[in-house]
file start25.cif (mmCIF, C-alpha atoms and all ligand atoms)
data_final
#
loop_
_atom_site.label_atom_id
_atom_site.label_comp_id
_atom_site.auth_asym_id
_atom_site.auth_seq_id
_atom_site.Cartn_x
_atom_site.Cartn_y
_atom_site.Cartn_z
CA MET A 147 -187.83 11.78 35.58
CA ALA A 148 -188.19 9.67 32.49
CA VAL A 149 -186.92 11.26 29.31
CA ALA A 150 -189.27 11.05 26.37
CA LYS A 151 -187.96 9.17 23.36
CA THR A 152 -187.59 11.58 20.50
CA LYS A 153 -186.00 9.28 17.95
CA PRO A 154 -188.32 6.99 16.01
CA ALA A 155 -187.69 3.30 16.54
CA GLU A 156 -185.15 2.03 14.02
CA ASP A 157 -187.59 -0.27 12.22
CA SER A 158 -190.39 2.30 11.93
CA VAL A 159 -188.17 4.55 9.82
CA HIS A 160 -188.62 2.30 6.82
CA GLU A 161 -192.39 2.38 6.97
CA LEU A 162 -194.37 5.00 5.11
CA PRO A 163 -195.64 7.61 7.58
CA PRO A 164 -198.75 6.08 9.15
CA ALA A 165 -200.66 9.37 9.27
CA VAL A 166 -200.59 9.69 5.52
CA ASP A 167 -203.48 8.54 3.55
CA TRP A 168 -203.06 9.45 -0.08
CA GLY A 169 -205.03 12.67 0.08
CA MET A 170 -208.60 13.05 -1.07
CA HIS A 171 -210.94 10.11 -1.02
CA ASP A 172 -211.90 8.79 -4.42
CA SER A 173 -215.39 10.28 -4.29
CA GLN A 174 -213.94 13.79 -3.89
CA VAL A 175 -211.53 13.66 -6.82
CA PRO A 176 -212.93 15.42 -9.89
CA GLU A 177 -213.17 13.19 -12.96
CA PHE A 178 -211.23 13.82 -16.15
CA SER A 179 -212.70 13.74 -19.63
CA LYS A 180 -211.24 11.24 -22.11
CA GLU A 181 -209.16 14.04 -23.66
CA GLN A 182 -207.76 15.07 -20.28
CA GLU A 183 -206.90 11.48 -19.35
CA LEU A 184 -205.10 10.99 -22.67
CA GLN A 185 -203.26 14.30 -22.33
CA ALA A 186 -202.12 13.39 -18.80
CA LEU A 187 -201.09 9.91 -19.95
CA ARG A 188 -199.08 11.22 -22.90
CA GLN A 189 -197.27 13.85 -20.86
CA MET A 190 -196.48 11.60 -17.91
CA LEU A 191 -195.25 8.88 -20.26
CA LEU A 192 -193.00 11.41 -21.98
CA ILE A 193 -191.29 12.12 -18.66
CA ARG A 194 -191.05 8.45 -17.67
CA ARG A 195 -189.60 7.29 -20.98
CA PHE A 196 -187.21 10.25 -21.06
CA GLU A 197 -185.94 9.41 -17.58
CA GLU A 198 -185.61 5.71 -18.37
CA LYS A 199 -183.58 6.60 -21.45
CA ALA A 200 -181.44 9.05 -19.49
CA GLY A 201 -180.76 6.27 -16.95
CA GLN A 202 -179.64 3.93 -19.77
CA MET A 203 -177.46 6.58 -21.35
CA TYR A 204 -175.87 7.32 -18.01
CA GLY A 205 -175.07 3.61 -17.68
CA MET A 206 -173.43 3.70 -21.11
CA GLY A 207 -171.19 6.59 -20.03
CA LEU A 208 -172.87 9.10 -22.36
CA ILE A 209 -173.99 11.27 -19.44
CA GLY A 210 -171.59 12.31 -16.70
CA GLY A 211 -171.83 14.10 -13.37
CA PHE A 212 -174.96 14.23 -11.28
CA CYS A 213 -178.29 13.05 -12.66
CA HIS A 214 -181.45 12.80 -10.53
CA LEU A 215 -184.41 10.96 -12.03
CA TYR A 216 -188.05 11.94 -11.48
CA ILE A 217 -189.60 8.50 -12.11
CA GLY A 218 -192.67 7.98 -9.88
CA GLN A 219 -193.37 11.68 -9.33
CA GLU A 220 -194.77 12.50 -12.79
CA ALA A 221 -198.35 13.30 -11.70
CA VAL A 222 -197.18 16.24 -9.60
CA VAL A 223 -195.70 18.28 -12.36
CA ILE A 224 -198.25 17.27 -15.01
CA GLY A 225 -201.27 17.97 -12.77
CA MET A 226 -199.88 21.43 -12.03
CA GLU A 227 -199.11 21.97 -15.71
CA MET A 228 -202.73 21.15 -16.58
CA ALA A 229 -203.88 23.74 -14.01
CA LYS A 230 -201.55 26.65 -14.78
CA GLN A 231 -201.79 29.29 -17.48
CA ASP A 232 -199.20 30.55 -19.92
CA GLY A 233 -196.88 33.01 -18.21
CA ASP A 234 -196.85 31.29 -14.80
CA GLN A 235 -193.22 30.62 -13.91
CA MET A 236 -191.70 27.39 -12.69
CA ILE A 237 -188.57 26.87 -10.63
CA THR A 238 -187.26 23.74 -8.93
CA GLY A 239 -184.22 21.89 -7.58
CA TYR A 240 -181.94 19.41 -9.29
CA ARG A 241 -184.60 16.69 -9.94
CA ASP A 242 -185.71 18.83 -12.82
CA HIS A 243 -186.02 17.01 -16.16
CA GLY A 244 -189.73 16.32 -15.63
CA HIS A 245 -190.44 19.98 -14.93
CA MET A 246 -188.68 21.02 -18.11
CA LEU A 247 -190.57 18.55 -20.30
CA ALA A 248 -193.86 19.45 -18.61
CA CYS A 249 -193.54 23.15 -19.44
CA GLY A 250 -192.86 22.40 -23.09
CA MET A 251 -189.07 22.42 -23.36
CA ASP A 252 -187.74 20.34 -26.23
CA PRO A 253 -186.68 16.81 -25.19
CA LYS A 254 -183.81 17.02 -27.71
CA GLY A 255 -182.39 20.13 -26.06
CA VAL A 256 -182.75 18.66 -22.58
CA MET A 257 -181.16 15.32 -23.51
CA ALA A 258 -178.35 17.07 -25.43
CA GLU A 259 -177.60 19.12 -22.33
CA LEU A 260 -177.33 15.91 -20.33
CA THR A 261 -174.80 14.53 -22.80
CA GLY A 262 -172.92 17.87 -22.92
CA ARG A 263 -173.60 18.74 -26.57
CA ARG A 264 -173.89 22.05 -28.40
CA GLY A 265 -177.63 21.70 -28.97
CA GLY A 266 -178.30 21.50 -25.22
CA TYR A 267 -180.21 24.25 -23.41
CA SER A 268 -176.98 25.56 -21.86
CA LYS A 269 -174.93 24.76 -24.98
CA GLY A 270 -173.67 21.60 -23.32
CA LYS A 271 -171.94 23.42 -20.50
CA GLY A 272 -174.54 23.23 -17.74
CA GLY A 273 -175.65 19.60 -17.46
CA SER A 274 -178.60 18.11 -15.63
CA MET A 275 -178.98 20.74 -12.91
CA HIS A 276 -178.41 23.89 -14.96
CA MET A 277 -181.00 24.47 -17.64
CA PHE A 278 -183.26 27.48 -18.15
CA SER A 279 -185.81 28.61 -20.72
CA LEU A 280 -187.31 32.08 -20.71
CA ASP A 281 -189.67 31.05 -23.54
CA SER A 282 -191.13 28.31 -21.34
CA HIS A 283 -190.88 30.42 -18.15
CA PHE A 284 -188.57 27.84 -16.59
CA TYR A 285 -186.02 29.29 -14.16
CA GLY A 286 -183.96 26.15 -13.35
CA GLY A 287 -182.60 23.68 -12.11
CA HIS A 288 -180.78 24.47 -8.77
CA GLY A 289 -178.23 22.22 -7.10
CA ILE A 290 -178.16 23.99 -3.76
CA VAL A 291 -180.93 22.45 -1.67
CA GLY A 292 -183.64 25.07 -1.02
CA ALA A 293 -181.95 27.85 -3.02
CA GLN A 294 -184.82 27.97 -5.48
CA VAL A 295 -187.30 28.96 -2.75
CA PRO A 296 -186.16 32.58 -2.26
CA LEU A 297 -185.61 32.83 -6.04
CA GLY A 298 -189.16 31.60 -6.71
CA THR A 299 -190.45 34.07 -4.13
CA GLY A 300 -188.53 36.76 -6.02
CA LEU A 301 -190.28 35.76 -9.24
CA ALA A 302 -193.59 36.25 -7.43
CA PHE A 303 -192.38 39.65 -6.18
CA ALA A 304 -191.64 40.61 -9.81
CA ASN A 305 -195.16 39.56 -10.83
CA LYS A 306 -196.69 41.72 -8.13
CA TYR A 307 -194.38 44.66 -8.87
CA ARG A 308 -195.21 44.53 -12.57
CA GLY A 309 -198.89 44.09 -11.88
CA ASN A 310 -199.27 41.03 -14.09
CA ASP A 311 -201.49 38.05 -13.40
CA ASN A 312 -198.76 35.41 -13.20
CA VAL A 313 -198.05 32.99 -10.39
CA SER A 314 -194.69 31.49 -9.44
CA LEU A 315 -194.75 27.71 -8.99
CA THR A 316 -191.87 27.07 -6.63
CA TYR A 317 -191.08 23.36 -6.20
CA PHE A 318 -188.88 21.85 -3.49
CA GLY A 319 -188.43 18.61 -1.59
CA ASP A 320 -189.25 17.38 1.91
CA GLY A 321 -185.56 17.72 2.78
CA ALA A 322 -185.34 21.27 1.44
CA ALA A 323 -188.41 22.13 3.54
CA ASN A 324 -186.13 22.04 6.61
CA GLN A 325 -183.91 24.84 5.27
CA GLY A 326 -183.93 28.21 7.07
CA GLN A 327 -184.19 30.25 3.87
CA VAL A 328 -187.55 28.59 3.17
CA TYR A 329 -189.04 30.25 6.26
CA GLU A 330 -187.56 33.65 5.48
CA SER A 331 -189.26 33.30 2.09
CA PHE A 332 -192.58 32.24 3.70
CA ASN A 333 -192.51 35.33 5.90
CA MET A 334 -191.93 37.77 3.06
CA ALA A 335 -194.34 36.00 0.71
CA GLU A 336 -197.22 36.29 3.19
CA LEU A 337 -196.27 39.76 4.41
CA TRP A 338 -196.34 41.12 0.86
CA LYS A 339 -199.12 38.77 -0.35
CA LEU A 340 -196.97 37.46 -3.18
CA PRO A 341 -198.45 35.15 -5.83
CA VAL A 342 -196.39 32.04 -5.17
CA ILE A 343 -197.37 28.41 -4.67
CA PHE A 344 -194.86 26.53 -2.57
CA ILE A 345 -195.10 23.00 -3.93
CA ILE A 346 -193.42 20.58 -1.56
CA GLU A 347 -192.76 17.28 -3.30
CA ASN A 348 -192.76 14.95 -0.32
CA ASN A 349 -191.23 11.82 -1.82
CA ARG A 350 -190.49 10.50 1.70
CA TYR A 351 -186.70 10.76 1.48
CA ALA A 352 -183.93 13.33 1.32
CA MET A 353 -181.06 11.33 -0.14
CA GLY A 354 -181.08 8.34 2.26
CA THR A 355 -182.87 10.07 5.14
CA ALA A 356 -186.52 9.24 5.72
CA VAL A 357 -188.86 12.13 6.57
CA LEU A 358 -189.62 10.71 10.02
CA ARG A 359 -185.93 10.62 10.85
CA SER A 360 -185.33 14.29 10.03
CA SER A 361 -188.54 16.27 10.44
CA ALA A 362 -190.13 17.29 13.75
CA GLN A 363 -193.34 18.21 11.91
CA SER A 364 -193.69 15.80 9.03
CA ASP A 365 -197.02 17.19 7.82
CA PHE A 366 -195.50 19.76 5.49
CA SER A 367 -198.86 21.28 4.59
CA LYS A 368 -198.77 22.79 8.10
CA ARG A 369 -195.35 24.36 7.74
CA GLY A 370 -196.85 27.77 6.86
CA LEU A 371 -199.21 27.95 9.85
CA SER A 372 -197.19 30.42 11.90
CA PHE A 373 -197.05 32.73 8.87
CA ASN A 374 -200.80 32.34 8.14
CA ILE A 375 -200.05 30.56 4.87
CA PRO A 376 -202.72 27.95 4.17
CA GLY A 377 -201.65 24.49 3.05
CA ILE A 378 -203.26 21.45 1.49
CA GLN A 379 -202.00 17.86 1.53
CA VAL A 380 -202.57 16.34 -1.90
CA ASP A 381 -202.42 12.82 -3.35
CA GLY A 382 -199.48 13.55 -5.62
CA MET A 383 -199.87 10.17 -7.35
CA ASP A 384 -203.32 11.09 -8.74
CA VAL A 385 -202.98 13.63 -11.50
CA ARG A 386 -206.65 14.65 -11.12
CA ALA A 387 -206.20 15.51 -7.45
CA VAL A 388 -203.07 17.52 -8.26
CA LYS A 389 -204.86 19.50 -10.97
CA ALA A 390 -207.80 20.26 -8.67
CA ALA A 391 -205.55 21.43 -5.82
CA GLY A 392 -203.44 23.41 -8.29
CA GLU A 393 -206.50 25.22 -9.60
CA ALA A 394 -207.60 26.14 -6.08
CA ALA A 395 -204.14 27.46 -5.19
CA LEU A 396 -203.77 29.39 -8.45
CA ALA A 397 -207.18 31.03 -7.94
CA TRP A 398 -206.12 31.98 -4.39
CA CYS A 399 -202.91 33.59 -5.65
CA ARG A 400 -204.53 35.37 -8.60
CA ALA A 401 -207.15 36.82 -6.26
CA GLY A 402 -204.31 38.61 -4.43
CA LYS A 403 -204.61 36.50 -1.27
CA GLY A 404 -200.89 35.69 -1.14
CA PRO A 405 -199.04 32.38 -1.11
CA MET A 406 -200.27 28.84 -0.58
CA ILE A 407 -198.53 25.58 0.23
CA LEU A 408 -199.34 22.35 -1.58
CA GLU A 409 -197.77 19.28 -0.05
CA MET A 410 -197.67 16.60 -2.73
CA MET A 411 -197.53 13.09 -1.29
CA THR A 412 -195.40 11.30 -3.83
CA TYR A 413 -192.59 8.77 -4.14
CA ARG A 414 -189.41 8.33 -6.13
CA TYR A 415 -188.83 4.82 -7.45
CA ARG A 416 -185.18 5.27 -8.34
CA GLY A 417 -182.24 6.15 -6.12
CA HIS A 418 -181.51 9.71 -5.08
CA SER A 419 -178.99 10.04 -7.90
CA MET A 420 -177.24 7.52 -10.09
CA SER A 421 -174.98 6.28 -7.30
CA ASP A 422 -177.34 5.30 -4.49
CA PRO A 423 -176.94 1.99 -2.67
CA ALA A 424 -180.63 2.24 -1.56
CA LYS A 425 -179.93 0.63 1.82
CA TYR A 426 -182.43 2.92 3.54
CA ARG A 427 -185.60 1.26 2.23
CA THR A 428 -186.78 -2.16 1.21
CA LYS A 429 -187.57 -3.38 -2.28
CA GLU A 430 -191.01 -4.35 -0.95
CA GLU A 431 -191.73 -0.74 -0.01
CA VAL A 432 -190.89 0.47 -3.52
CA ASP A 433 -192.87 -2.36 -5.15
CA LYS A 434 -195.92 -1.64 -3.01
CA VAL A 435 -196.12 2.00 -4.12
CA ARG A 436 -195.40 1.06 -7.74
CA ASN A 437 -198.09 -1.65 -7.75
CA GLU A 438 -200.76 0.23 -5.84
CA HIS A 439 -200.26 3.93 -6.62
CA ASP A 440 -198.36 4.33 -9.87
CA PRO A 441 -199.56 7.63 -11.42
CA ILE A 442 -199.40 6.38 -15.02
CA GLU A 443 -200.99 3.00 -14.38
CA GLN A 444 -203.91 4.73 -12.61
CA VAL A 445 -204.72 6.70 -15.76
CA ARG A 446 -204.21 3.73 -18.06
CA LYS A 447 -206.52 1.58 -15.93
CA ARG A 448 -209.26 4.23 -15.82
CA LEU A 449 -209.13 4.64 -19.59
CA LEU A 450 -209.47 0.89 -20.12
CA ASP A 451 -212.00 0.18 -17.34
CA ARG A 452 -214.26 2.97 -18.52
CA LYS A 453 -213.82 1.92 -22.12
CA MET A 454 -212.55 5.38 -23.05
CA ALA A 455 -209.66 3.82 -24.97
CA SER A 456 -208.59 0.40 -26.22
CA GLU A 457 -205.29 -1.39 -25.52
CA ASP A 458 -204.40 -0.68 -29.13
CA GLU A 459 -204.89 3.06 -28.79
CA LEU A 460 -202.79 3.11 -25.64
CA LYS A 461 -200.02 1.18 -27.38
CA LYS A 462 -200.02 3.85 -30.08
CA VAL A 463 -199.62 6.59 -27.46
CA ASP A 464 -196.66 4.71 -25.99
CA ALA A 465 -195.10 4.18 -29.44
CA ALA A 466 -195.46 7.89 -30.32
CA VAL A 467 -193.77 8.87 -27.04
CA ARG A 468 -190.96 6.36 -27.57
CA ALA A 469 -190.33 7.79 -31.05
CA ILE A 470 -189.89 11.31 -29.58
CA ILE A 471 -187.51 10.01 -26.92
CA ASN A 472 -185.48 7.91 -29.38
CA GLU A 473 -185.12 10.95 -31.61
CA ALA A 474 -183.94 13.01 -28.62
CA ALA A 475 -181.42 10.33 -27.66
CA GLU A 476 -180.16 10.07 -31.23
CA PHE A 477 -179.68 13.85 -31.42
CA ALA A 478 -177.96 13.93 -28.03
CA THR A 479 -175.54 11.23 -29.18
CA GLN A 480 -174.75 12.66 -32.64
CA ASP A 481 -174.63 16.38 -31.91
CA ALA A 482 -171.15 17.90 -31.57
CA GLU A 483 -169.55 18.77 -28.27
CA PRO A 484 -168.92 22.48 -27.60
CA ASP A 485 -165.78 23.85 -29.22
CA PRO A 486 -162.93 24.34 -26.71
CA SER A 487 -162.94 28.05 -27.63
CA GLU A 488 -166.37 28.18 -25.92
CA LEU A 489 -164.87 27.27 -22.56
CA TYR A 490 -165.18 30.75 -21.07
CA THR A 491 -168.19 32.17 -22.93
CA ASP A 492 -171.49 32.55 -21.00
CA MET A 493 -169.62 31.77 -17.77
CA TYR A 494 -169.52 33.73 -14.54
CA ARG A 495 -165.91 34.04 -13.49
C1 LIG B 1 -177.35 23.34 0.85
C2 LIG B 1 -177.16 21.91 0.48
N1 LIG B 1 -177.01 20.98 1.46
C3 LIG B 1 -176.85 19.68 1.14
C4 LIG B 1 -176.80 19.28 -0.17
C5 LIG B 1 -176.67 17.80 -0.52
N2 LIG B 1 -177.98 17.28 -0.94
C6 LIG B 1 -178.27 17.16 -2.24
S1 LIG B 1 -179.82 16.58 -2.45
C7 LIG B 1 -180.12 16.47 -0.81
C8 LIG B 1 -181.44 15.96 -0.31
C9 LIG B 1 -182.63 16.83 -0.57
O1 LIG B 1 -183.82 16.08 -0.49
P1 LIG B 1 -185.23 16.62 -0.87
O2 LIG B 1 -185.32 18.08 -0.62
O3 LIG B 1 -186.23 15.77 -0.17
O4 LIG B 1 -185.34 16.43 -2.45
P2 LIG B 1 -185.41 15.06 -3.32
O5 LIG B 1 -183.98 14.69 -3.64
O6 LIG B 1 -186.09 14.04 -2.53
O7 LIG B 1 -186.13 15.43 -4.57
C10 LIG B 1 -179.00 16.89 -0.10
C11 LIG B 1 -178.92 16.90 1.37
C12 LIG B 1 -176.95 20.28 -1.17
N3 LIG B 1 -176.95 19.98 -2.47
N4 LIG B 1 -177.15 21.58 -0.82
MG MG B 2 -187.34 14.17 -0.87
#
call {"tool": "encode", "arguments": {"input": "start25.cif", "output": "structure tokens"}}
result
Amino acid sequence: MAVAKTKPAEDSVHELPPAVDWGMHDSQVPEFSKEQELQALRQMLLIRRFEEKAGQMYGMGLIGGFCHLYIGQEAVVIGMEMAKQDGDQMITGYRDHGHMLACGMDPKGVMAELTGRRGGYSKGKGGSMHMFSLDSHFYGGHGIVGAQVPLGTGLAFANKYRGNDNVSLTYFGDGAANQGQVYESFNMAELWKLPVIFIIENNRYAMGTAVLRSSAQSDFSKRGLSFNIPGIQVDGMDVRAVKAAGEAALAWCRAGKGPMILEMMTYRYRGHSMSDPAKYRTKEEVDKVRNEHDPIEQVRKRLLDRKMASEDELKKVDAAVRAIINEAAEFATQDAEPDPSELYTDMYR
């Protein structure tokens, strides 16, 4: 009897999954007003310029340890931010700077944490993967792949227990989606109808492993089917589509119907972390997504094509964002390092 081939052909691994179109068709995506387009542009640019600066500072030796950049994925977190209401919590993995900036954390405090300075969110002792802000309802920053999923489900449990109206936005990657603890969380979330949105950021790779090489079911929106959790596949490069899907999922959760899965089809332009030989994909693949789907360029083009803004106005937005980032970098370079006497304070031992 012939044995079926289960491994994808070597060369197909480098291609984007053929079944994926980029979500909704253009005619179904709700339009943004000029104000919404500009807000999305400003916030996505803030993340991109922050990450570019962090990359430079890492190269200069000002940032040490692990550092995972979010460049390319900005529309996911900003679309969700535009949909959510104050009080909704956010939790994610280690690719977390964008999430922090999106929920209003101070770029100075985030950058200073990266450089290990006193003014950082964890007083310079946590670094890239360990920052939290109760004021902004941000619960980290988790280096253990998938660990944030039960924690995010716990946040939703707390919301239900306290009888408030908040929803937990629990972000994780396509790689994390293969973790066992994710499915234990799905079961409890649906059983107890917890207000949690499982946002799977499918950026096509887990470190150097393509989705098709590691996932038996690569349509992650269907991963909740056996628990009766509905899922939607979303064009995660179009901030308008993300906001619309986010609003639908938030309404579902707030109505007491339990969890929902949003699979965001997205892409990371940079390596997994700062030391990534990138041998697992071609430059052409990266360039194609960047040229045809870039989340920031899409907004910029719409604003110009529809004459909602001039080149000059857009340059001013960029300059204002750069000024904020330069100020954050300056602070993170000048601020003092923690005093050695601080070595054991705020630490679990
Ligand atoms: C439990 C655990 N296993 C393995 C690792 C090593 N590791 C770090 S990131 C990563 C890939 C995760 O990829 P994905 O969930 O797709 O997130 P992305 O990096 O693409 O944002 C792995 C295997 C880890 N940190 N924790
Ligand atoms: Mg991934």
call {"tool": "residues_near_ligand", "arguments": {"input": "start25.cif", "ligand": "ligand MG 2 (chain B)", "cutoff": "12 Å", "atoms": "all atoms listed in the file", "output": "count of residues only"}}
result
45
call {"tool": "closest_residue", "arguments": {"input": "start25.cif", "among": "A:Thr238, A:Thr479, A:Ser268, A:Ser487", "to": "Thr316 in chain A", "atoms": "all atoms listed in the file"}}
result
A:Thr238
call {"tool": "closest_residue", "arguments": {"input": "start25.cif", "among": "A:Tyr204, A:Tyr285, A:Trp338, A:Tyr426", "to": "Leu260 in chain A", "atoms": "only C-alpha atoms"}}
result
A:Tyr204
call {"tool": "residues_around", "arguments": {"input": "start25.cif", "residues": "range 330-335 of chain A", "least_positions_apart": "5", "cutoff": "12 Å", "atoms": "all atoms listed in the file", "output": "PDB file with C-alpha atoms, keeping the file's coordinate frame"}}
result
ATOM      1  CA  GLY A 292    -183.640  25.070  -1.020  1.00  0.00           C
ATOM      2  CA  ALA A 293    -181.950  27.850  -3.020  1.00  0.00           C
ATOM      3  CA  GLN A 294    -184.820  27.970  -5.480  1.00  0.00           C
ATOM      4  CA  VAL A 295    -187.300  28.960  -2.750  1.00  0.00           C
ATOM      5  CA  PRO A 296    -186.160  32.580  -2.260  1.00  0.00           C
ATOM      6  CA  LEU A 297    -185.610  32.830  -6.040  1.00  0.00           C
ATOM      7  CA  GLY A 298    -189.160  31.600  -6.710  1.00  0.00           C
ATOM      8  CA  THR A 299    -190.450  34.070  -4.130  1.00  0.00           C
ATOM      9  CA  GLY A 300    -188.530  36.760  -6.020  1.00  0.00           C
ATOM     10  CA  LEU A 301    -190.280  35.760  -9.240  1.00  0.00           C
ATOM     11  CA  ALA A 302    -193.590  36.250  -7.430  1.00  0.00           C
ATOM     12  CA  PHE A 303    -192.380  39.650  -6.180  1.00  0.00           C
ATOM     13  CA  ALA A 304    -191.640  40.610  -9.810  1.00  0.00           C
ATOM     14  CA  LYS A 306    -196.690  41.720  -8.130  1.00  0.00           C
ATOM     15  CA  SER A 314    -194.690  31.490  -9.440  1.00  0.00           C
ATOM     16  CA  THR A 316    -191.870  27.070  -6.630  1.00  0.00           C
ATOM     17  CA  ALA A 323    -188.410  22.130   3.540  1.00  0.00           C
ATOM     18  CA  ASN A 324    -186.130  22.040   6.610  1.00  0.00           C
ATOM     19  CA  GLN A 325    -183.910  24.840   5.270  1.00  0.00           C
ATOM     20  CA  LEU A 340    -196.970  37.460  -3.180  1.00  0.00           C
ATOM     21  CA  PRO A 341    -198.450  35.150  -5.830  1.00  0.00           C
ATOM     22  CA  VAL A 342    -196.390  32.040  -5.170  1.00  0.00           C
ATOM     23  CA  ILE A 343    -197.370  28.410  -4.670  1.00  0.00           C
ATOM     24  CA  PHE A 344    -194.860  26.530  -2.570  1.00  0.00           C
ATOM     25  CA  ARG A 369    -195.350  24.360   7.740  1.00  0.00           C
ATOM     26  CA  GLY A 370    -196.850  27.770   6.860  1.00  0.00           C
ATOM     27  CA  LEU A 371    -199.210  27.950   9.850  1.00  0.00           C
ATOM     28  CA  SER A 372    -197.190  30.420  11.900  1.00  0.00           C
ATOM     29  CA  PHE A 373    -197.050  32.730   8.870  1.00  0.00           C
ATOM     30  CA  ASN A 374    -200.800  32.340   8.140  1.00  0.00           C
ATOM     31  CA  ILE A 375    -200.050  30.560   4.870  1.00  0.00           C
ATOM     32  CA  PRO A 376    -202.720  27.950   4.170  1.00  0.00           C
ATOM     33  CA  GLY A 377    -201.650  24.490   3.050  1.00  0.00           C
ATOM     34  CA  CYS A 399    -202.910  33.590  -5.650  1.00  0.00           C
ATOM     35  CA  GLY A 402    -204.310  38.610  -4.430  1.00  0.00           C
ATOM     36  CA  LYS A 403    -204.610  36.500  -1.270  1.00  0.00           C
ATOM     37  CA  GLY A 404    -200.890  35.690  -1.140  1.00  0.00           C
ATOM     38  CA  PRO A 405    -199.040  32.380  -1.110  1.00  0.00           C
ATOM     39  CA  MET A 406    -200.270  28.840  -0.580  1.00  0.00           C
ATOM     40  CA  ILE A 407    -198.530  25.580   0.230  1.00  0.00           C
TER      41      ILE A 407
END
call {"tool": "closest_residue", "arguments": {"input": "start25.cif", "among": "A:Asp311, A:Asp384, A:Glu393, A:Asp433", "to": "Glu220 in chain A", "atoms": "all atoms listed in the file"}}
result
A:Asp384
call {"tool": "closest_residue", "arguments": {"input": "start25.cif", "among": "A:Leu489, A:Ala478, A:Val175, A:Val435", "to": "Arg263 in chain A", "atoms": "only C-alpha atoms"}}
result
A:Ala478
call {"tool": "closest_residue", "arguments": {"input": "start25.cif", "among": "A:Gly255, A:Met420, A:Ala186, A:Leu191", "to": "ligand LIG 1 (chain B)", "atoms": "only C-alpha atoms and all ligand atoms"}}
result
A:Met420
call {"tool": "residues_around", "arguments": {"input": "start25.cif", "residues": "Gln182 in chain A", "least_positions_apart": "4", "cutoff": "12 Å", "atoms": "all atoms listed in the file", "output": "PDB file with C-alpha atoms, in the coordinates of the input"}}
result
ATOM      1  CA  PRO A 176    -212.930  15.420  -9.890  1.00  0.00           C
ATOM      2  CA  GLU A 177    -213.170  13.190 -12.960  1.00  0.00           C
ATOM      3  CA  PHE A 178    -211.230  13.820 -16.150  1.00  0.00           C
ATOM      4  CA  ALA A 186    -202.120  13.390 -18.800  1.00  0.00           C
ATOM      5  CA  LEU A 187    -201.090   9.910 -19.950  1.00  0.00           C
ATOM      6  CA  ARG A 188    -199.080  11.220 -22.900  1.00  0.00           C
ATOM      7  CA  GLN A 189    -197.270  13.850 -20.860  1.00  0.00           C
ATOM      8  CA  ILE A 224    -198.250  17.270 -15.010  1.00  0.00           C
ATOM      9  CA  GLY A 225    -201.270  17.970 -12.770  1.00  0.00           C
ATOM     10  CA  GLU A 227    -199.110  21.970 -15.710  1.00  0.00           C
ATOM     11  CA  MET A 228    -202.730  21.150 -16.580  1.00  0.00           C
ATOM     12  CA  ALA A 229    -203.880  23.740 -14.010  1.00  0.00           C
ATOM     13  CA  VAL A 385    -202.980  13.630 -11.500  1.00  0.00           C
ATOM     14  CA  ARG A 386    -206.650  14.650 -11.120  1.00  0.00           C
ATOM     15  CA  LYS A 389    -204.860  19.500 -10.970  1.00  0.00           C
ATOM     16  CA  VAL A 445    -204.720   6.700 -15.760  1.00  0.00           C
ATOM     17  CA  ARG A 448    -209.260   4.230 -15.820  1.00  0.00           C
ATOM     18  CA  LEU A 449    -209.130   4.640 -19.590  1.00  0.00           C
ATOM     19  CA  MET A 454    -212.550   5.380 -23.050  1.00  0.00           C
TER      20      MET A 454
END
call {"tool": "axis_aligned_box", "arguments": {"input": "start25.cif", "around": "range 327-342 of chain A", "padding_each_side": "4 Å", "output": "JSON"}}
result
{"center_x": -191.7, "center_y": 34.9, "center_z": 0.2, "size_x": 22.9, "size_y": 20.5, "size_z": 20.1}
call {"tool": "atom_distance", "arguments": {"input": "start25.cif", "atom1": "CA of Ala455 in chain A", "atom2": "CA of Gln185 in chain A"}}
result
12.6 Å
call {"tool": "closest_residue", "arguments": {"input": "start25.cif", "among": "A:Met493, A:Ala475, A:Val463, A:Val328", "to": "Gly272 in chain A", "atoms": "only C-alpha atoms"}}
result
A:Met493
call {"tool": "residues_near_point", "arguments": {"input": "start25.cif", "point": "(-202.7, 37.6, -13.1)", "cutoff": "7 Å", "atoms": "all atoms listed in the file", "output": "count of residues only"}}
result
4
call {"tool": "residues_around", "arguments": {"input": "start25.cif", "residues": "Asp252 in chain A", "least_positions_apart": "6", "cutoff": "9 Å", "atoms": "only C-alpha atoms", "output": "PyMOL selection string"}}
result
chain A and resi 246+267+474
call {"tool": "atom_distance", "arguments": {"input": "start25.cif", "atom1": "atom C2 of ligand LIG 1 (chain B)", "atom2": "CA of Gly287 in chain A"}}
result
13.8 Å
call {"tool": "residues_around", "arguments": {"input": "start25.cif", "residues": "Ala387 in chain A", "least_positions_apart": "4", "cutoff": "10 Å", "atoms": "only C-alpha atoms", "output": "PyMOL selection string"}}
result
chain A and resi 169-172+174-177+221-222+225-226+380-383+391-393+410
call {"tool": "atom_distance", "arguments": {"input": "start25.cif", "atom1": "atom P2 of ligand LIG 1 (chain B)", "atom2": "CA of Phe284 in chain A"}}
result
18.7 Å
call {"tool": "residues_around", "arguments": {"input": "start25.cif", "residues": "His283 in chain A", "least_positions_apart": "2", "cutoff": "8 Å", "atoms": "only C-alpha atoms", "output": "JSON, numbers by chain"}}
result
{"A": [233, 234, 235, 236, 249, 279, 280, 281, 285]}
call {"tool": "decode", "arguments": {"input": "start25.cif", "residues": "range 174-181 of chain A", "atoms": "C-alpha atoms", "output": "short mmCIF file (atom, residue, chain, number, x, y, z; two decimals), in the first residue's frame"}}
result
data_model
loop_
_atom_site.label_atom_id
_atom_site.label_comp_id
_atom_site.auth_asym_id
_atom_site.auth_seq_id
_atom_site.Cartn_x
_atom_site.Cartn_y
_atom_site.Cartn_z
CA GLN A 174 -16.47 44.35 2.35
CA VAL A 175 -13.95 46.35 4.35
CA PRO A 176 -15.57 49.30 6.15
CA GLU A 177 -14.08 52.66 5.22
CA PHE A 178 -12.32 54.92 7.71
CA SER A 179 -12.94 58.63 8.09
CA LYS A 180 -10.00 60.98 7.55
CA GLU A 181 -9.54 61.24 11.34
#
